[in-house]
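One file, query18.cif, is given below (mmCIF, C-alpha atoms).
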data_entry
#
loop_
_atom_site.label_atom_id
_atom_site.label_comp_id
_atom_site.auth_asym_id
_atom_site.auth_seq_id
_atom_site.Cartn_x
_atom_site.Cartn_y
_atom_site.Cartn_z
CA MET H 1 27.74 -16.52 17.42
CA ALA H 2 29.75 -17.00 14.24
CA SER H 3 33.46 -17.37 14.89
CA GLN H 4 35.83 -14.42 14.55
CA GLU H 5 37.32 -15.91 11.37
CA ILE H 6 33.91 -15.92 9.73
CA GLU H 7 33.14 -12.39 10.88
CA ASN H 8 36.49 -11.21 9.52
CA LEU H 9 35.91 -12.79 6.14
CA ALA H 10 32.37 -11.41 6.00
CA ALA H 11 33.71 -7.93 6.78
CA ALA H 12 36.44 -8.21 4.13
CA LEU H 13 33.99 -9.44 1.50
CA ALA H 14 31.40 -6.80 2.40
CA ARG H 15 33.88 -4.13 1.30
CA LEU H 16 33.76 -5.40 -2.27
CA PRO H 17 31.55 -3.30 -4.53
CA GLY H 18 28.27 -5.14 -5.14
CA LEU H 19 28.29 -7.09 -1.87
CA GLY H 20 26.53 -5.78 1.22
CA PRO H 21 26.85 -7.20 4.75
CA ARG H 22 24.03 -9.68 4.21
CA SER H 23 25.20 -11.04 0.86
CA ALA H 24 28.79 -11.14 2.19
CA ARG H 25 27.55 -13.36 5.00
CA ARG H 26 25.86 -15.67 2.48
CA ALA H 27 29.04 -15.74 0.40
CA VAL H 28 31.08 -16.67 3.48
CA LEU H 29 28.77 -19.56 4.28
CA TRP H 30 28.98 -20.69 0.67
CA LEU H 31 32.79 -20.58 0.86
CA VAL H 32 32.89 -22.27 4.26
CA LYS H 33 30.88 -25.16 2.87
CA ARG H 34 33.24 -25.37 -0.10
CA ARG H 35 36.49 -24.86 1.76
CA ASP H 36 37.98 -27.92 0.07
CA GLN H 37 37.46 -26.73 -3.50
CA ALA H 38 35.98 -23.36 -4.42
CA LEU H 39 37.75 -21.55 -1.58
CA PRO H 40 41.28 -22.70 -2.51
CA GLN H 41 40.55 -21.86 -6.15
CA LEU H 42 39.50 -18.35 -5.21
CA LEU H 43 42.54 -18.03 -2.96
CA GLU H 44 44.89 -19.03 -5.74
CA ALA H 45 43.27 -16.65 -8.22
CA MET H 46 43.67 -13.82 -5.72
CA GLU H 47 47.28 -14.68 -4.99
CA GLN H 48 48.09 -14.61 -8.69
CA VAL H 49 46.47 -11.22 -9.05
CA ARG H 50 48.43 -9.96 -6.06
CA ASP H 51 51.74 -11.40 -7.23
CA ARG H 52 51.68 -11.02 -10.98
CA LEU H 53 49.84 -7.84 -11.93
CA VAL H 54 51.61 -4.58 -12.59
CA GLU H 55 50.51 -1.22 -13.96
CA CYS H 56 51.73 -0.41 -17.46
CA GLU H 57 53.95 2.66 -17.26
CA THR H 58 52.96 3.69 -20.76
CA CYS H 59 49.17 3.56 -20.69
CA GLY H 60 48.08 2.75 -17.12
CA ASN H 61 46.55 -0.60 -18.07
CA ILE H 62 46.92 -3.45 -15.58
CA ASP H 63 48.61 -6.58 -16.87
CA THR H 64 51.25 -9.18 -16.08
CA GLN H 65 53.84 -7.29 -18.08
CA ASN H 66 55.09 -3.71 -18.33
CA PRO H 67 54.64 -2.40 -21.01
CA CYS H 68 51.28 -4.20 -21.06
CA GLY H 69 50.15 -6.70 -23.67
CA VAL H 70 48.35 -4.02 -25.67
CA CYS H 71 51.28 -1.56 -25.73
CA ALA H 72 53.76 -4.36 -26.51
CA ASP H 73 51.67 -5.92 -29.29
CA PRO H 74 53.32 -5.04 -32.62
CA ARG H 75 50.04 -5.66 -34.47
CA ARG H 76 48.38 -2.79 -32.61
CA ASP H 77 48.51 0.63 -34.18
CA ALA H 78 50.51 2.92 -31.88
CA LYS H 79 49.47 5.91 -33.97
CA SER H 80 45.99 5.80 -32.47
CA ILE H 81 45.39 6.27 -28.73
CA CYS H 82 42.00 5.66 -27.14
CA VAL H 83 41.65 7.53 -23.84
CA VAL H 84 39.42 5.90 -21.21
CA GLU H 85 38.53 6.72 -17.62
CA ASP H 86 39.23 3.36 -16.09
CA VAL H 87 40.83 -0.02 -16.75
CA SER H 88 37.37 -1.60 -16.84
CA ASP H 89 36.50 0.70 -19.78
CA LEU H 90 39.61 -0.51 -21.60
CA TRP H 91 38.50 -4.10 -21.05
CA ALA H 92 34.95 -3.29 -22.22
CA LEU H 93 36.19 -1.65 -25.43
CA ASP H 94 38.64 -4.45 -26.07
CA ARG H 95 35.89 -7.02 -25.70
CA ALA H 96 34.17 -5.27 -28.63
CA LYS H 97 37.29 -6.22 -30.67
CA LEU H 98 36.99 -3.26 -33.05
CA PHE H 99 39.63 -0.79 -31.94
CA THR H 100 43.10 -1.86 -32.99
CA GLY H 101 45.11 1.05 -31.58
CA THR H 102 46.51 1.50 -28.08
CA TYR H 103 44.90 2.89 -24.93
CA HIS H 104 45.51 5.44 -22.24
CA VAL H 105 43.87 5.00 -18.84
CA LEU H 106 43.18 8.22 -16.93
CA GLY H 107 42.39 6.50 -13.65
CA GLY H 108 39.22 8.50 -13.08
CA ARG H 109 37.29 11.56 -14.23
CA LEU H 110 37.44 15.23 -13.35
CA SER H 111 34.98 15.91 -10.58
CA ALA H 112 34.47 19.10 -8.61
CA LEU H 113 32.24 17.15 -6.24
CA ASP H 114 34.84 14.49 -5.43
CA GLY H 115 37.72 16.98 -5.63
CA VAL H 116 39.40 15.25 -8.58
CA ARG H 117 41.58 17.79 -10.42
CA PRO H 118 43.53 17.37 -13.70
CA GLU H 119 46.77 16.72 -11.80
CA ASP H 120 45.08 13.78 -10.03
CA LEU H 121 44.55 12.01 -13.33
CA ASN H 122 47.00 10.32 -15.68
CA ILE H 123 46.81 13.27 -18.13
CA ALA H 124 50.41 14.56 -18.22
CA PRO H 125 51.74 11.17 -19.46
CA LEU H 126 49.10 11.27 -22.23
CA LEU H 127 50.29 14.70 -23.34
CA ALA H 128 53.87 13.41 -23.21
CA ARG H 129 52.94 10.47 -25.44
CA VAL H 130 51.35 12.82 -27.98
CA GLU H 131 54.21 15.29 -27.71
CA ALA H 132 56.73 12.52 -28.38
CA GLY H 133 55.18 12.26 -31.83
CA GLY H 134 54.03 9.38 -33.96
CA VAL H 135 50.41 9.79 -32.83
CA ASP H 136 47.76 10.52 -35.48
CA GLU H 137 44.53 10.25 -33.57
CA VAL H 138 43.32 10.52 -30.00
CA VAL H 139 39.90 8.93 -29.44
CA LEU H 140 38.20 10.33 -26.35
CA ALA H 141 36.16 7.46 -24.95
CA MET H 142 34.92 8.87 -21.66
CA ASN H 143 31.61 7.82 -20.16
CA ALA H 144 28.59 9.73 -21.46
CA THR H 145 28.13 11.33 -18.04
CA LEU H 146 28.49 14.98 -17.10
CA GLU H 147 31.86 14.34 -15.48
CA GLY H 148 33.04 12.13 -18.31
CA GLN H 149 32.17 14.78 -20.87
CA THR H 150 33.81 17.52 -18.79
CA THR H 151 36.97 15.41 -18.73
CA SER H 152 36.66 14.86 -22.47
CA HIS H 153 36.41 18.61 -23.16
CA TYR H 154 39.34 19.34 -20.86
CA ILE H 155 41.62 16.86 -22.62
CA ALA H 156 40.51 18.07 -26.06
CA GLU H 157 41.52 21.57 -24.99
CA ARG H 158 44.89 20.43 -23.70
CA LEU H 159 45.54 18.63 -27.00
CA GLU H 160 44.83 21.72 -29.09
CA GLY H 161 47.83 22.72 -31.16
CA PHE H 162 49.19 19.20 -31.46
CA PRO H 163 49.02 17.76 -34.98
CA VAL H 164 46.55 15.02 -34.00
CA ARG H 165 42.98 14.28 -34.95
CA ILE H 166 40.80 14.34 -31.83
CA THR H 167 37.63 12.28 -32.00
CA GLN H 168 35.06 11.04 -29.54
CA LEU H 169 32.69 8.09 -29.37
CA ALA H 170 29.37 8.61 -31.13
CA HIS H 171 26.36 9.27 -28.92
CA GLY H 172 22.99 7.93 -29.95
CA LEU H 173 20.69 4.94 -29.61
CA PRO H 174 22.26 1.90 -27.97
CA VAL H 175 21.83 -1.32 -29.94
CA GLY H 176 18.43 -2.78 -29.07
CA GLY H 177 17.33 0.53 -27.56
CA GLU H 178 13.65 1.32 -27.78
CA LEU H 179 12.84 5.00 -28.27
CA ASP H 180 10.01 4.82 -25.80
CA TYR H 181 12.39 3.82 -23.00
CA LEU H 182 15.30 6.16 -23.76
CA ASP H 183 15.85 9.47 -22.03
CA GLU H 184 15.41 12.76 -23.87
CA GLY H 185 19.13 13.50 -23.73
CA THR H 186 19.96 10.38 -25.72
CA LEU H 187 17.15 11.01 -28.18
CA ALA H 188 18.27 14.61 -28.69
CA GLN H 189 21.87 13.47 -29.32
CA ALA H 190 20.70 10.78 -31.74
CA LEU H 191 18.56 13.27 -33.64
CA ARG H 192 21.26 15.93 -33.74
CA ALA H 193 23.80 13.40 -35.08
CA ARG H 194 21.38 11.90 -37.64
CA ARG H 195 22.95 10.64 -40.84
CA PRO H 196 21.74 9.97 -44.38
CA VAL H 197 20.71 6.31 -44.83
CA MET T 198 41.98 -7.90 -23.21
CA ALA T 199 42.20 -8.40 -19.47
CA SER T 200 44.97 -10.77 -18.44
CA GLN T 201 44.28 -14.43 -17.65
CA GLU T 202 44.85 -13.80 -13.93
CA ILE T 203 42.08 -11.23 -13.90
CA GLU T 204 39.72 -13.44 -15.89
CA ASN T 205 40.39 -16.31 -13.47
CA LEU T 206 39.68 -14.19 -10.42
CA ALA T 207 36.53 -12.77 -12.03
CA ALA T 208 35.34 -16.32 -12.78
CA ALA T 209 36.09 -17.49 -9.23
CA LEU T 210 34.30 -14.50 -7.69
CA ALA T 211 31.32 -14.81 -10.06
CA ARG T 212 30.58 -18.21 -8.51
CA LEU T 213 29.86 -16.59 -5.14
CA PRO T 214 26.14 -16.19 -4.45
CA GLY T 215 25.12 -12.57 -4.98
CA LEU T 216 27.83 -11.75 -7.53
CA GLY T 217 27.18 -12.06 -11.25
CA PRO T 218 29.82 -11.87 -13.99
CA ARG T 219 29.54 -8.09 -14.26
CA SER T 220 29.76 -7.32 -10.55
CA ALA T 221 32.56 -9.90 -10.19
CA ARG T 222 34.49 -7.95 -12.81
CA ARG T 223 33.95 -4.73 -10.89
CA ALA T 224 35.05 -6.44 -7.68
CA VAL T 225 38.22 -7.68 -9.40
CA LEU T 226 39.10 -4.21 -10.57
CA TRP T 227 38.46 -2.88 -7.09
CA LEU T 228 40.78 -5.57 -5.66
CA VAL T 229 43.42 -5.01 -8.34
CA LYS T 230 43.55 -1.34 -7.43
CA ARG T 231 43.88 -2.28 -3.76
CA ARG T 232 46.29 -5.16 -4.14
CA ASP T 233 48.54 -3.67 -1.49
CA GLN T 234 45.95 -3.53 1.25
CA ALA T 235 42.39 -4.77 0.86
CA LEU T 236 43.43 -7.76 -1.24
CA PRO T 237 45.96 -9.16 1.28
CA GLN T 238 43.41 -8.62 4.05
CA LEU T 239 40.79 -10.60 2.16
CA LEU T 240 43.38 -13.28 1.37
CA GLU T 241 44.32 -13.65 5.01
CA ALA T 242 40.68 -13.81 6.12
CA MET T 243 40.08 -16.58 3.56
CA GLU T 244 43.17 -18.50 4.58
CA GLN T 245 42.05 -18.44 8.19
CA VAL T 246 38.63 -19.73 7.25
CA ARG T 247 40.23 -22.49 5.19
CA ASP T 248 42.73 -23.48 7.87
CA ARG T 249 40.87 -23.05 11.13
CA LEU T 250 37.23 -23.91 10.66
CA VAL T 251 35.81 -27.32 11.43
CA GLU T 252 32.32 -28.74 11.66
CA CYS T 253 31.06 -29.50 15.15
CA GLU T 254 30.44 -33.24 15.41
CA THR T 255 27.70 -32.68 17.95
CA CYS T 256 25.49 -30.07 16.30
CA GLY T 257 26.85 -29.40 12.79
CA ASN T 258 27.79 -25.78 13.54
CA ILE T 259 30.96 -24.45 11.94
CA ASP T 260 33.56 -23.09 14.33
CA THR T 261 37.26 -23.14 15.18
CA GLN T 262 36.74 -25.87 17.74
CA ASN T 263 35.00 -29.24 17.89
CA PRO T 264 32.73 -29.37 19.87
CA CYS T 265 31.85 -25.82 18.80
CA GLY T 266 31.77 -22.76 21.05
CA VAL T 267 28.05 -23.14 21.64
CA CYS T 268 28.16 -26.86 22.53
CA ALA T 269 31.23 -26.35 24.72
CA ASP T 270 29.85 -23.31 26.57
CA PRO T 271 28.88 -24.46 30.11
CA ARG T 272 26.53 -21.46 30.47
CA ARG T 273 24.35 -22.76 27.63
CA ASP T 274 21.47 -25.02 28.54
CA ALA T 275 22.11 -28.43 26.94
CA LYS T 276 18.58 -29.51 27.90
CA SER T 277 17.15 -27.39 25.12
CA ILE T 278 18.03 -28.01 21.44
CA CYS T 279 17.02 -25.59 18.70
CA VAL T 280 16.91 -27.33 15.29
CA VAL T 281 17.72 -25.13 12.27
CA GLU T 282 18.11 -25.79 8.56
CA ASP T 283 21.45 -24.13 8.05
CA VAL T 284 24.43 -22.64 9.85
CA SER T 285 23.35 -19.17 8.73
CA ASP T 286 20.05 -19.69 10.60
CA LEU T 287 22.01 -20.58 13.73
CA TRP T 288 23.97 -17.33 13.35
CA ALA T 289 20.79 -15.34 12.77
CA LEU T 290 19.10 -16.75 15.89
CA ASP T 291 22.23 -16.26 17.94
CA ARG T 292 22.44 -12.63 16.88
CA ALA T 293 19.00 -12.21 18.49
CA LYS T 294 20.70 -13.23 21.80
CA LEU T 295 17.53 -14.72 23.29
CA PHE T 296 17.95 -18.47 23.01
CA THR T 297 20.35 -19.84 25.60
CA GLY T 298 20.19 -23.53 24.71
CA THR T 299 22.19 -25.43 22.10
CA TYR T 300 21.57 -25.95 18.40
CA HIS T 301 21.33 -28.70 15.85
CA VAL T 302 22.03 -27.89 12.19
CA LEU T 303 20.23 -30.13 9.67
CA GLY T 304 22.25 -28.96 6.70
CA GLY T 305 19.20 -28.37 4.51
CA ARG T 306 15.50 -29.08 4.24
CA LEU T 307 13.46 -32.00 2.92
CA SER T 308 12.65 -31.37 -0.71
CA ALA T 309 10.99 -33.70 -3.19
CA LEU T 310 11.92 -31.23 -5.95
CA ASP T 311 15.64 -31.20 -5.12
CA GLY T 312 15.65 -34.87 -4.14
CA VAL T 313 16.62 -34.19 -0.51
CA ARG T 314 15.50 -37.13 1.64
CA PRO T 315 15.60 -37.53 5.43
CA GLU T 316 18.80 -39.58 5.21
CA ASP T 317 20.50 -36.66 3.41
CA LEU T 318 19.99 -34.44 6.44
CA ASN T 319 21.67 -34.42 9.83
CA ILE T 320 18.55 -35.95 11.45
CA ALA T 321 19.85 -39.27 12.84
CA PRO T 322 22.43 -37.50 15.06
CA LEU T 323 19.61 -35.29 16.40
CA LEU T 324 17.56 -38.35 17.33
CA ALA T 325 20.68 -39.83 18.94
CA ARG T 326 21.16 -36.68 21.02
CA VAL T 327 17.56 -36.84 22.22
CA GLU T 328 17.75 -40.60 22.80
CA ALA T 329 20.89 -40.16 24.89
CA GLY T 330 18.68 -38.29 27.37
CA GLY T 331 19.04 -35.04 29.25
CA VAL T 332 17.03 -33.11 26.66
CA ASP T 333 13.81 -31.40 27.79
CA GLU T 334 12.81 -29.40 24.76
CA VAL T 335 13.37 -29.45 21.01
CA VAL T 336 12.58 -26.13 19.32
CA LEU T 337 11.87 -26.57 15.62
CA ALA T 338 13.15 -23.40 13.98
CA MET T 339 12.78 -24.21 10.30
CA ASN T 340 12.10 -21.51 7.74
CA ALA T 341 8.41 -20.62 7.31
CA THR T 342 8.47 -22.10 3.81
CA LEU T 343 6.61 -25.14 2.52
CA GLU T 344 9.79 -27.24 2.61
CA GLY T 345 10.83 -25.89 6.00
CA GLN T 346 7.44 -26.75 7.48
CA THR T 347 7.48 -30.21 5.86
CA THR T 348 10.85 -30.80 7.48
CA SER T 349 9.48 -29.52 10.77
CA HIS T 350 6.52 -31.92 10.67
CA TYR T 351 8.77 -34.82 9.73
CA ILE T 352 11.11 -34.24 12.67
CA ALA T 353 8.21 -33.72 15.07
CA GLU T 354 6.88 -37.13 13.98
CA ARG T 355 10.25 -38.81 14.45
CA LEU T 356 10.50 -37.34 17.95
CA GLU T 357 7.12 -38.71 19.02
CA GLY T 358 7.43 -41.04 21.96
CA PHE T 359 10.52 -39.36 23.39
CA PRO T 360 9.92 -37.55 26.68
CA VAL T 361 10.67 -34.12 25.22
CA ARG T 362 8.58 -31.02 24.67
CA ILE T 363 8.50 -30.20 20.95
CA THR T 364 7.88 -26.54 20.11
CA GLN T 365 8.17 -24.38 17.03
CA LEU T 366 8.78 -20.70 16.37
CA ALA T 367 5.67 -18.53 16.44
CA HIS T 368 4.28 -17.39 13.12
CA GLY T 369 2.73 -13.96 12.84
CA LEU T 370 3.46 -10.35 12.06
CA PRO T 371 7.16 -9.54 11.74
CA VAL T 372 8.28 -6.55 13.82
CA GLY T 373 7.54 -3.41 11.83
CA GLY T 374 5.26 -5.34 9.48
CA GLU T 375 2.36 -3.38 8.01
CA LEU T 376 -0.83 -5.38 7.52
CA ASP T 377 -1.41 -3.86 4.13
CA TYR T 378 1.86 -5.26 2.82
CA LEU T 379 1.74 -8.73 4.36
CA ASP T 380 0.55 -11.81 2.52
CA GLU T 381 -2.69 -13.53 3.47
CA GLY T 382 -0.86 -16.59 4.80
CA THR T 383 0.95 -14.50 7.42
CA LEU T 384 -2.20 -12.62 8.34
CA ALA T 385 -4.17 -15.86 8.69
CA GLN T 386 -1.45 -17.31 10.94
CA ALA T 387 -1.32 -14.14 13.05
CA LEU T 388 -5.10 -14.14 13.45
CA ARG T 389 -5.28 -17.83 14.28
CA ALA T 390 -2.56 -17.43 16.93
CA ARG T 391 -4.06 -14.23 18.42
CA ARG T 392 -3.55 -13.76 22.14
CA PRO T 393 -5.30 -11.79 24.89
CA VAL T 394 -3.65 -8.39 25.43
#
Taking this structure as input, can you express it in the form of structure tokens?
Amino acid sequence: MASQEIENLAAALARLPGLGPRSARRAVLWLVKRRDQALPQLLEAMEQVRDRLVECETCGNIDTQNPCGVCADPRRDAKSICVVEDVSDLWALDRAKLFTGTYHVLGGRLSALDGVRPEDLNIAPLLARVEAGGVDEVVLAMNATLEGQTTSHYIAERLEGFPVRITQLAHGLPVGGELDYLDEGTLAQALRARRPV
Amino acid sequence: MASQEIENLAAALARLPGLGPRSARRAVLWLVKRRDQALPQLLEAMEQVRDRLVECETCGNIDTQNPCGVCADPRRDAKSICVVEDVSDLWALDRAKLFTGTYHVLGGRLSALDGVRPEDLNIAPLLARVEAGGVDEVVLAMNATLEGQTTSHYIAERLEGFPVRITQLAHGLPVGGELDYLDEGTLAQALRARRPV
């Protein structure tokens, strides 16, 4: 039998998204064999995340400072707010290095199925930011899923009446997408939003 | 951009087998969101593995004690040694709760491709255990791969001349295996080893 310590670590790792019980067990063995090097490195990285990260009170981003690096950066355009469902979406957009405004993280999406209501999301602080003034544009960058789009519509409605431009990410062919492999929904959106060359 | 702490943790997690860069990133976000509970639990489990586990000098198993729980257990039959490639194989066999003898972990398999030679494996200590006497049977429980079987043959040869019974795991249909889905190698082995009902 594997020792209790190993079982505990396997159980803790198996809770991570993307790791099942079997792959967690393999990961444990990998770590056990590298308990002089890779394991302490992973430990230290985790301790730093535990000790140093805070949630930005302005936008909901997670960073070592509050306000976060994005909100505090004077080169970023505070007049433009990009609303995303989750911190990982913020990271993904920022990796694209195109958007130079600030973000607002909702912390989820509206979902009747999962019982997520507007008051469960970080929406009121977004409205407060817009209400405080100085915001020109709100970019709705929800996922192109049913729930993401429902959330998008809801926020657009709540922002009606404010003097801000409300935009959303374009839908269409992904880069490298082959028509033959794309779903009809994407093709319909791409066709509907066709532009002169 | 995600903070350096997050990038570091993502990089450390991405080195685990079974997690790529993308799933490591998702795991980090999951941990960041649970840095009050799941993250400290995982940290503690890792610290215990780092601090408490040692390799058994007798059999190569990894446990909190040396000799390991299996070698030290008086109810286990020290006359029978089951030789496995890796600690995970020992765990897998022990989960089956059928074998009541002791184990010997080789720490790998002979491989011309990976440059693993007999002296790289934990083979000499196995021969020493057999030579010391008191062993009746050596069960070769290598993987049913080319390299596993090569290793098996090599060890069987090295054990020739010792007064021990050398056996190996049966090859055949796995439980629940459907003939239509099994490879010819397995079917040939199962047919060759057929037994009266």
For this session: Run the PyMOL selection byres ((chain H) within 9 of (chain T)) on the file and write out the hits as a ChimeraX atom specification.
Result: /H:1-6,8-13,15-19,23-32,35-36,38-53,62-64,69-70,87-88,90-95,97
For this session: May I ask for the distance between CA of Phe296 in chain T and CA of Leu384 in chain T, given in Å to one decimal place?
Result: 25.6 Å
For this session: Identify all residues satisfying the PyMOL selection byres ((chain H and resi 118-122) around 10) in the given file; provide them as JSON, numbers by chain.
Result: {"H": [59, 60, 85, 104, 105, 106, 107, 108, 109, 110, 111, 115, 116, 117, 123, 124, 125, 126, 127, 151, 154, 155]}
Problem set entry | Proximity to Ala390 in chain T - best of T:Leu370, T:Asp270, T:Val335, T:Asn263, all atoms listed in the file |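 Using all atoms listed in the file, Ala390 in chain T sits closest to T:Leu370.
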Exercise. What is the CA of Thr100 in chain H to CA of Glu57 in chain H distance in Å?
Worked result: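 So the two atoms, CA of Thr100 in chain H and CA of Glu57 in chain H, lie 19.6 Å apart.
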For this session: List the residues selected by the PyMOL selection byres ((chain T and resi 353) around 10) in the file shown, writing them as a list of chain:residue names.
Result: T:Val335, T:Val336, T:Leu337, T:Thr347, T:Thr348, T:Ser349, T:His350, T:Tyr351, T:Ile352, T:Glu354, T:Arg355, T:Leu356, T:Glu357, T:Arg362, T:Ile363, T:Thr364, T:Gln365
Exercise. To one decimal place, how far is CA of Arg326 in chain T from CA of Ile278 in chain T in Å?
Worked result: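 Straight-line distance from CA of Arg326 in chain T to CA of Ile278 in chain T works out to 9.2 Å.
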Exercise. Smallest atom-to-atom distance to Cys82 in chain H: which of H:Leu191, H:Leu179, H:Ala141, H:Val164, using only C-alpha atoms?
Worked result: H:Ala141
Extract range 278-328 of chain T from the structure I just pasted (atoms: C-alpha atoms) and return it as a PDB file, in the first residue's frame.
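The result, stored in decode_35.pdb:
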ATOM      1  CA  ILE T 278       9.727 -11.554  -3.821  1.00  0.00           C
ATOM      2  CA  CYS T 279       7.716  -9.843  -6.537  1.00  0.00           C
ATOM      3  CA  VAL T 280       9.970  -7.803  -8.859  1.00  0.00           C
ATOM      4  CA  VAL T 281       8.389  -4.697 -10.429  1.00  0.00           C
ATOM      5  CA  GLU T 282       9.680  -1.912 -12.648  1.00  0.00           C
ATOM      6  CA  ASP T 283       8.440   1.020 -10.638  1.00  0.00           C
ATOM      7  CA  VAL T 284       6.961   2.027  -7.294  1.00  0.00           C
ATOM      8  CA  SER T 285       3.635   2.729  -9.014  1.00  0.00           C
ATOM      9  CA  ASP T 286       3.534  -0.931 -10.119  1.00  0.00           C
ATOM     10  CA  LEU T 287       4.069  -2.000  -6.507  1.00  0.00           C
ATOM     11  CA  TRP T 288       1.123   0.193  -5.487  1.00  0.00           C
ATOM     12  CA  ALA T 289      -1.034  -1.181  -8.304  1.00  0.00           C
ATOM     13  CA  LEU T 290      -0.319  -4.807  -7.336  1.00  0.00           C
ATOM     14  CA  ASP T 291      -0.844  -4.065  -3.680  1.00  0.00           C
ATOM     15  CA  ARG T 292      -4.219  -2.494  -4.420  1.00  0.00           C
ATOM     16  CA  ALA T 293      -5.214  -5.897  -5.846  1.00  0.00           C
ATOM     17  CA  LYS T 294      -4.601  -7.292  -2.310  1.00  0.00           C
ATOM     18  CA  LEU T 295      -3.675 -10.768  -3.536  1.00  0.00           C
ATOM     19  CA  PHE T 296       0.093 -10.972  -3.248  1.00  0.00           C
ATOM     20  CA  THR T 297       1.232 -11.450   0.330  1.00  0.00           C
ATOM     21  CA  GLY T 298       4.987 -11.595  -0.217  1.00  0.00           C
ATOM     22  CA  THR T 299       7.473  -8.736  -0.452  1.00  0.00           C
ATOM     23  CA  TYR T 300       8.536  -6.612  -3.404  1.00  0.00           C
ATOM     24  CA  HIS T 301      11.633  -5.454  -5.191  1.00  0.00           C
ATOM     25  CA  VAL T 302      11.508  -2.231  -7.215  1.00  0.00           C
ATOM     26  CA  LEU T 303      13.954  -2.062 -10.141  1.00  0.00           C
ATOM     27  CA  GLY T 304      13.479   1.641 -10.744  1.00  0.00           C
ATOM     28  CA  GLY T 305      12.982   1.246 -14.493  1.00  0.00           C
ATOM     29  CA  ARG T 306      13.383  -1.198 -17.346  1.00  0.00           C
ATOM     30  CA  LEU T 307      16.275  -2.176 -19.603  1.00  0.00           C
ATOM     31  CA  SER T 308      16.179  -0.020 -22.702  1.00  0.00           C
ATOM     32  CA  ALA T 309      18.725   0.193 -25.490  1.00  0.00           C
ATOM     33  CA  LEU T 310      16.841   3.243 -26.808  1.00  0.00           C
ATOM     34  CA  ASP T 311      17.020   5.174 -23.526  1.00  0.00           C
ATOM     35  CA  GLY T 312      20.461   3.815 -22.681  1.00  0.00           C
ATOM     36  CA  VAL T 313      19.289   2.008 -19.535  1.00  0.00           C
ATOM     37  CA  ARG T 314      21.720  -0.822 -18.749  1.00  0.00           C
ATOM     38  CA  PRO T 315      21.495  -3.531 -16.070  1.00  0.00           C
ATOM     39  CA  GLU T 316      23.836  -1.582 -13.790  1.00  0.00           C
ATOM     40  CA  ASP T 317      21.427   1.387 -13.912  1.00  0.00           C
ATOM     41  CA  LEU T 318      18.701  -0.709 -12.325  1.00  0.00           C
ATOM     42  CA  ASN T 319      18.269  -1.989  -8.787  1.00  0.00           C
ATOM     43  CA  ILE T 320      19.222  -5.529  -9.887  1.00  0.00           C
ATOM     44  CA  ALA T 321      22.374  -6.251  -7.846  1.00  0.00           C
ATOM     45  CA  PRO T 322      20.502  -5.760  -4.524  1.00  0.00           C
ATOM     46  CA  LEU T 323      17.851  -8.223  -5.766  1.00  0.00           C
ATOM     47  CA  LEU T 324      20.519 -10.834  -6.486  1.00  0.00           C
ATOM     48  CA  ALA T 325      21.998 -10.141  -3.050  1.00  0.00           C
ATOM     49  CA  ARG T 326      18.604 -10.720  -1.421  1.00  0.00           C
ATOM     50  CA  VAL T 327      18.228 -14.043  -3.221  1.00  0.00           C
ATOM     51  CA  GLU T 328      21.841 -15.020  -2.522  1.00  0.00           C
TER      52      GLU T 328
END
